[in-house]
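I have placed the structure first, in the form of C-alpha cells, so that the comments after it can refer back to it.
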Amino acid sequence: MLDHGELREVVDNIEDKKDNRRVNFVTKHPAARIYGKIGQTECQLVIDTGAEVSVCTKPMANLLKLKPKPDKTMTVVAIDGIKQKSLGSAGLVTVKVIDQPIQVEMQIIQSKDQVVILAMD
C-alpha cells in the first residue's frame, strides 16, 4: 500500500494519457486530474496539493455507493470556494492509482458535480 509520499512521487512521474508527455503535476498544476479506481469504478481523481481533506461530491458518492456518516461532519471550503458543512464522512475509502491501493479518509459534500478530490496530507 502506498503512503502519501509515495503517491506524490507517482503523481510527479505519471504520463499524461492524452499526448504521452511527462508532466510534473505537483509543480505545474496545483490540482491535477489522474485516473484511478474506487471499488470497481474507474474515475477521474483530482489531486489537490492544497486541500486539507479528501472529498467526494454527493452525486459521485451515490455512483460509488459511498454512504456519509452524519455524525462525522466538518466544515470545508468546497470546490466552488464556499464554506459548507459536509454531509458526513465515508470513512476510510480504498483508492487505487496505477493498481496501488491507498486508504483515504473521505468527506462527502453537496455539489451538482461528480468529483473526487484527494488531499495530499
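Convention: chains lettered A, B, ... in C-alpha cells order; per-chain residue numbering from 1; ligands numbered from 1 as shown.
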Legend entry - Distance query Gln44 in chain A at most 10 Å, only C-alpha atoms, self and fewer than 4 positions along chain excluded, as an MDAnalysis selection string: chainID A and resid 32:38 114:117
Inset, instruction - With a distance cut-off of 12 Å and only C-alpha atoms, select the neighbouring residues of Gln40 in chain A, excluding the residue or stretch itself and same-chain residues fewer than 3 positions from it, and output the selection as an MDAnalysis selection string. - result: chainID A and resid 36:37 43 63:65 94:96 99
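Across the model, the gap from CA of Met120 in chain A to CA of Ser54 in chain A is 8.2 Å.
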Inset, instruction - Rounded to one decimal place, report the CA of Ser111 in chain A-CA of Asp48 in chain A distance in Å. - result: 17.4 Å
Inset, instruction - Quick one: pull the distance between CA of Ile109 in chain A and CA of Thr73 in chain A, Å, one decimal. - result: 9.5 Å
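Nearest residue to Gly91 in chain A, choosing from A:Pro59, A:Glu42, A:Met106, A:Glu52 and counting only C-alpha atoms: A:Met106.
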Legend entry - Option closest in space to Pro68 in chain A, from A:Ala51, A:Leu118, A:Ile108, A:Gly39 [counting only C-alpha atoms]: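 Smallest separation from Pro68 in chain A among the options: A:Ile108.
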Inset, instruction - Check the smallest atom-to-atom distance from each of A:Ile102, A:Leu66, A:Leu45, A:Val55 to Lys85 in chain A using only C-alpha atoms, then report the winner. - result: A:Val55
Legend entry - Pick from A:Gly50, A:Gln84, A:Thr41, A:Thr75 nearest to Gln110 in chain A, counting only C-alpha atoms: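 Distance minimum relative to Gln110 in chain A lands on A:Gln84.
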